[in-house]
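Engineer: Dropping the structure in here first, questions after.
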Amino acid sequence: RKEVEQDPGPFNVPEGATVAFNCTYSNSASQSFFWYRQDCRKEPKLLMSVYSSGNEDGRFTAQLNRASQYISLLIRDSKLSDSATYLCVVNDSGYSTLTFGKGTMLLVSP
Amino acid sequence: GAVVSQHPSWVICKSGTSVKIECRSLDFQATTMFWYRQFPKQSLMLMATSNEGSKATYEQGVEKDKFLINHASLTLSTLTVTSAHPEDSSFYICSARSGKGSYEQYFGPGTRLTVT
C-alpha cells in the first residue's frame with residue numbers, strides 16, 4: 001500500500017520562528033517529491049519540488065533522504081501568512097499519480 | 001499560465017439526485033486529468049485518472065458507475081456523482097497535467113458538495 005506519513009500538528013509558532021516538517025514515504029520506487037500548501041477550504045498549491053541534493057527557495061528549504069525515505073521542509077522567519085496546512089506529496093513512478101500525506105497544520109501567531 | 005477552473009464552486013443537492021462537476025484547463029491542453037476527493041481533516045484521495053478520449057481509470061474502492069467521468073476534449077473533464085447520498089458530501093478537486101515532459105499537476109479550486 002502506498003503511504004505518505006506526516007505529523008498532523010498543529011504546530012503553533014510565533015512570528016519569526018523556524019519550523020520543520022517531516023514526512024516519510026513507504027514506496028521505495030517513488031521518483032518525485034513535492035511540498036504543497038493548502039489553505040482552509042482551498043485547493044492545494046505547489047510550494048516547491050524536492051530534489052535529492054536539497055533545494056532552497058527563499059525562506060523555505062527542502063531535503064530528501066532516499067535511503068531513509070524521508071523528506072523535510074524547513075521554514076525560516078515564519079510569517080503570519082505561512083499559516084496553512086503543508087502537504088507532503090510523492091509521485092510514484094514516471095508520469096503516474098500523486099500520493100498525498102494528510103498534511104501538517106501550521107499556525108503562526110503574532 | 002496553467003489555470004484550471006471548476007464549476008460549480010459549491011453545490012447543495014438532495015439525496016438521490018445527480019450532480020455534474022466540470023473541470024477545465026483554461027490556457028493549456030490537458031492530456032490527463034485527475035479527480036480527487038477530500039473529507040475534513042483528511043488527505044486528498046485520488047478517485048480516478050482520465051485521459052482524453054479514453055475511459056477513466058478508477059482507484060480501488062471507487063465505484064465507476066456512481067462517479068461517471070467524461071474527458072471528451074483536451075480542456076474539459078466532467079465528474080457526475082449519480083444518485084448522491086449524504087456520505088458523498090465532500091470537497092472534490094480536479095487537477096490537470098499537460099503531459100509535455102512535466103510531472104506537475106495544476107489543481108482546480110475545488111467543488112464543495114453537500115448532499116442533504
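Note on naming: chains are A, B, ... as they come in the C-alpha cells, residues start from 1 per chain, ligands start from 1 in the order shown.
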Give me the residues near Tyr92 of chain B as a CSV table (one decimal) with C-alpha atoms, in the first residue's frame, where near means some atom within 12 Å (using only C-alpha atoms) and where sequence neighbours in that chain fewer than 6 positions away do not count.
Structural biologist:
chain,number,residue,atom,x,y,z
A,41,ARG,CA,-11.3,25.2,2.1
A,42,LYS,CA,-8.9,25.8,-0.9
A,43,GLU,CA,-7.1,23.7,-3.4
A,44,PRO,CA,-3.5,22.6,-2.8
B,6,GLN,CA,-14.0,24.1,-11.7
B,7,HIS,CA,-17.7,24.7,-11.8
B,8,PRO,CA,-19.7,24.9,-9.6
B,9,SER,CA,-17.6,26.0,-6.7
B,10,TRP,CA,-20.2,24.7,-4.3
B,11,VAL,CA,-23.4,22.8,-4.7
B,19,VAL,CA,-24.6,16.4,-9.7
B,20,LYS,CA,-22.2,17.2,-12.5
B,21,ILE,CA,-18.9,19.0,-11.8
B,22,GLU,CA,-16.8,20.5,-14.7
B,23,CYS,CA,-13.1,20.8,-14.8
B,34,PHE,CA,-7.3,13.7,-12.2
B,35,TRP,CA,-10.2,13.7,-9.8
B,36,TYR,CA,-9.7,13.8,-6.0
B,37,ARG,CA,-11.9,13.8,-3.0
B,38,GLN,CA,-11.0,15.3,0.4
B,39,PHE,CA,-13.0,14.7,3.5
B,40,PRO,CA,-12.5,17.1,6.5
B,43,SER,CA,-5.7,13.9,2.7
B,44,LEU,CA,-6.7,14.2,-0.9
B,45,MET,CA,-7.6,10.8,-2.2
B,46,LEU,CA,-7.3,10.1,-5.8
B,47,MET,CA,-10.6,8.8,-7.3
B,48,ALA,CA,-9.7,8.4,-10.9
B,67,PHE,CA,-18.8,8.5,-10.3
B,78,THR,CA,-16.6,16.2,-16.1
B,79,LEU,CA,-17.4,14.2,-12.9
B,80,THR,CA,-21.0,13.2,-12.4
B,81,VAL,CA,-22.0,12.0,-8.9
B,107,PHE,CA,-5.3,22.0,-9.4
B,108,GLY,CA,-8.7,23.5,-9.8
B,109,PRO,CA,-10.2,25.5,-6.9
B,110,GLY,CA,-12.4,22.6,-5.9
B,111,THR,CA,-16.1,22.0,-5.6
B,112,ARG,CA,-17.8,21.6,-2.2
B,113,LEU,CA,-20.7,19.2,-2.5
B,114,THR,CA,-23.3,18.9,0.3
Engineer: Which residues are close to Leu106 of chain A, i.e. within 8 Å by only C-alpha atoms, leaving aside same-chain residues fewer than 4 positions away? Reply as a count of residues only.
Structural biologist: 10
Engineer: Counting only C-alpha atoms, what are the residues of chain A within 12 Å of chain B, and for each of them which pair of atoms is the nearest and at what distance in Å, to one decimal? Sort the table by chain and rising number, as JSON lines.
Structural biologist:
{"residue": "A:Arg1", "atom": "CA", "partner": "B:Gln60", "partner_atom": "CA", "distance": 11.3}
{"residue": "A:Lys2", "atom": "CA", "partner": "B:Met45", "partner_atom": "CA", "distance": 11.7}
{"residue": "A:Glu3", "atom": "CA", "partner": "B:Ser43", "partner_atom": "CA", "distance": 11.0}
{"residue": "A:Val4", "atom": "CA", "partner": "B:Ser43", "partner_atom": "CA", "distance": 9.8}
{"residue": "A:Glu5", "atom": "CA", "partner": "B:Ser43", "partner_atom": "CA", "distance": 10.3}
{"residue": "A:Gln6", "atom": "CA", "partner": "B:Ser43", "partner_atom": "CA", "distance": 10.5}
{"residue": "A:Pro8", "atom": "CA", "partner": "B:Lys41", "partner_atom": "CA", "distance": 9.2}
{"residue": "A:Gly9", "atom": "CA", "partner": "B:Lys41", "partner_atom": "CA", "distance": 11.3}
{"residue": "A:Pro10", "atom": "CA", "partner": "B:Lys41", "partner_atom": "CA", "distance": 11.5}
{"residue": "A:Gln31", "atom": "CA", "partner": "B:Tyr103", "partner_atom": "CA", "distance": 10.3}
{"residue": "A:Ser32", "atom": "CA", "partner": "B:Tyr103", "partner_atom": "CA", "distance": 8.2}
{"residue": "A:Phe33", "atom": "CA", "partner": "B:Tyr103", "partner_atom": "CA", "distance": 10.1}
{"residue": "A:Phe34", "atom": "CA", "partner": "B:Glu104", "partner_atom": "CA", "distance": 9.5}
{"residue": "A:Trp35", "atom": "CA", "partner": "B:Glu104", "partner_atom": "CA", "distance": 11.8}
{"residue": "A:Tyr36", "atom": "CA", "partner": "B:Phe107", "partner_atom": "CA", "distance": 11.0}
{"residue": "A:Arg37", "atom": "CA", "partner": "B:Phe107", "partner_atom": "CA", "distance": 11.8}
{"residue": "A:Gln38", "atom": "CA", "partner": "B:Ser43", "partner_atom": "CA", "distance": 10.6}
{"residue": "A:Asp39", "atom": "CA", "partner": "B:Pro109", "partner_atom": "CA", "distance": 11.1}
{"residue": "A:Cys40", "atom": "CA", "partner": "B:Lys41", "partner_atom": "CA", "distance": 10.1}
{"residue": "A:Arg41", "atom": "CA", "partner": "B:Phe91", "partner_atom": "CA", "distance": 8.2}
{"residue": "A:Lys42", "atom": "CA", "partner": "B:Pro109", "partner_atom": "CA", "distance": 6.2}
{"residue": "A:Glu43", "atom": "CA", "partner": "B:Pro109", "partner_atom": "CA", "distance": 5.0}
{"residue": "A:Pro44", "atom": "CA", "partner": "B:Phe107", "partner_atom": "CA", "distance": 6.9}
{"residue": "A:Lys45", "atom": "CA", "partner": "B:Phe107", "partner_atom": "CA", "distance": 7.2}
{"residue": "A:Leu46", "atom": "CA", "partner": "B:Tyr106", "partner_atom": "CA", "distance": 8.4}
{"residue": "A:Leu47", "atom": "CA", "partner": "B:Glu104", "partner_atom": "CA", "distance": 11.6}
{"residue": "A:Met48", "atom": "CA", "partner": "B:Glu104", "partner_atom": "CA", "distance": 10.7}
{"residue": "A:Ser49", "atom": "CA", "partner": "B:Glu104", "partner_atom": "CA", "distance": 9.4}
{"residue": "A:Thr85", "atom": "CA", "partner": "B:Lys41", "partner_atom": "CA", "distance": 10.0}
{"residue": "A:Tyr86", "atom": "CA", "partner": "B:Ser43", "partner_atom": "CA", "distance": 10.8}
{"residue": "A:Leu87", "atom": "CA", "partner": "B:Ser43", "partner_atom": "CA", "distance": 8.3}
{"residue": "A:Cys88", "atom": "CA", "partner": "B:Ser43", "partner_atom": "CA", "distance": 9.9}
{"residue": "A:Val89", "atom": "CA", "partner": "B:Leu44", "partner_atom": "CA", "distance": 10.1}
{"residue": "A:Val90", "atom": "CA", "partner": "B:Tyr103", "partner_atom": "CA", "distance": 10.7}
{"residue": "A:Asn91", "atom": "CA", "partner": "B:Tyr103", "partner_atom": "CA", "distance": 8.0}
{"residue": "A:Asp92", "atom": "CA", "partner": "B:Tyr103", "partner_atom": "CA", "distance": 10.6}
{"residue": "A:Ser93", "atom": "CA", "partner": "B:Tyr103", "partner_atom": "CA", "distance": 9.9}
{"residue": "A:Gly94", "atom": "CA", "partner": "B:Tyr103", "partner_atom": "CA", "distance": 8.0}
{"residue": "A:Tyr95", "atom": "CA", "partner": "B:Tyr103", "partner_atom": "CA", "distance": 5.9}
{"residue": "A:Ser96", "atom": "CA", "partner": "B:Tyr103", "partner_atom": "CA", "distance": 8.1}
{"residue": "A:Thr97", "atom": "CA", "partner": "B:Leu46", "partner_atom": "CA", "distance": 8.1}
{"residue": "A:Leu98", "atom": "CA", "partner": "B:Leu46", "partner_atom": "CA", "distance": 8.0}
{"residue": "A:Thr99", "atom": "CA", "partner": "B:Met45", "partner_atom": "CA", "distance": 7.7}
{"residue": "A:Phe100", "atom": "CA", "partner": "B:Leu44", "partner_atom": "CA", "distance": 6.0}
{"residue": "A:Gly101", "atom": "CA", "partner": "B:Ser43", "partner_atom": "CA", "distance": 5.8}
{"residue": "A:Lys102", "atom": "CA", "partner": "B:Ser43", "partner_atom": "CA", "distance": 4.0}
{"residue": "A:Gly103", "atom": "CA", "partner": "B:Ser43", "partner_atom": "CA", "distance": 6.8}
{"residue": "A:Thr104", "atom": "CA", "partner": "B:Lys41", "partner_atom": "CA", "distance": 10.1}
{"residue": "A:Met105", "atom": "CA", "partner": "B:Lys41", "partner_atom": "CA", "distance": 9.9}
Engineer: Please determine, counting only C-alpha atoms, which residue among A:Asp7, A:Ile71, A:Leu64, A:Gly58 has the shortest atom-to-atom distance to Thr24 of chain A.
Structural biologist: A:Ile71
Engineer: Could you check how far atom CA of Tyr25 of chain A sits from atom CA of Glu87 of chain B, in Å to one decimal?
Structural biologist: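 Computed distance, atom CA of Tyr25 of chain A to atom CA of Glu87 of chain B, equals 29.0 Å.
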Engineer: Would you mind listing what lies within 7 Å of Phe60 of chain A as a list in words, with only C-alpha atoms counted and same-chain residues fewer than 6 positions away left out?
Structural biologist: Leu73, Leu74, Ile75 and Arg76 of chain A
Engineer: Just asking: which residues within chain A are strand (DSSP E or B) according to DSSP, as JSON, numbers by chain?
Structural biologist: {"A": [4, 5, 6, 11, 12, 13, 14, 19, 20, 21, 22, 23, 24, 25, 32, 33, 34, 35, 36, 37, 38, 44, 45, 46, 47, 48, 49, 50, 55, 56, 57, 60, 61, 62, 63, 64, 65, 70, 71, 72, 73, 74, 75, 84, 85, 86, 87, 88, 89, 90, 91, 98, 99, 100, 104, 105, 106, 107, 108, 109]}
Engineer: What is the atom CA of Ala30 of chain B to atom CA of Ser5 of chain B distance in Å?
Structural biologist: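 These two atoms are separated by 12.3 Å.
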Engineer: So the first atom is atom CA of Asn55 of chain A and the second is atom CA of Pro14 of chain A; what is the distance between them in Å, to one decimal place?
Structural biologist: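 Computing the Euclidean distance for atom CA of Asn55 of chain A and atom CA of Pro14 of chain A yields 24.7 Å.
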Engineer: I need the residue nearest Ser83 of chain B from this list: B:Gly16, B:Asn70, B:Gly61, B:Val115. Use only C-alpha atoms for the distance.
Structural biologist: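 With only C-alpha atoms as the atom set, the closest residue is B:Gly16.
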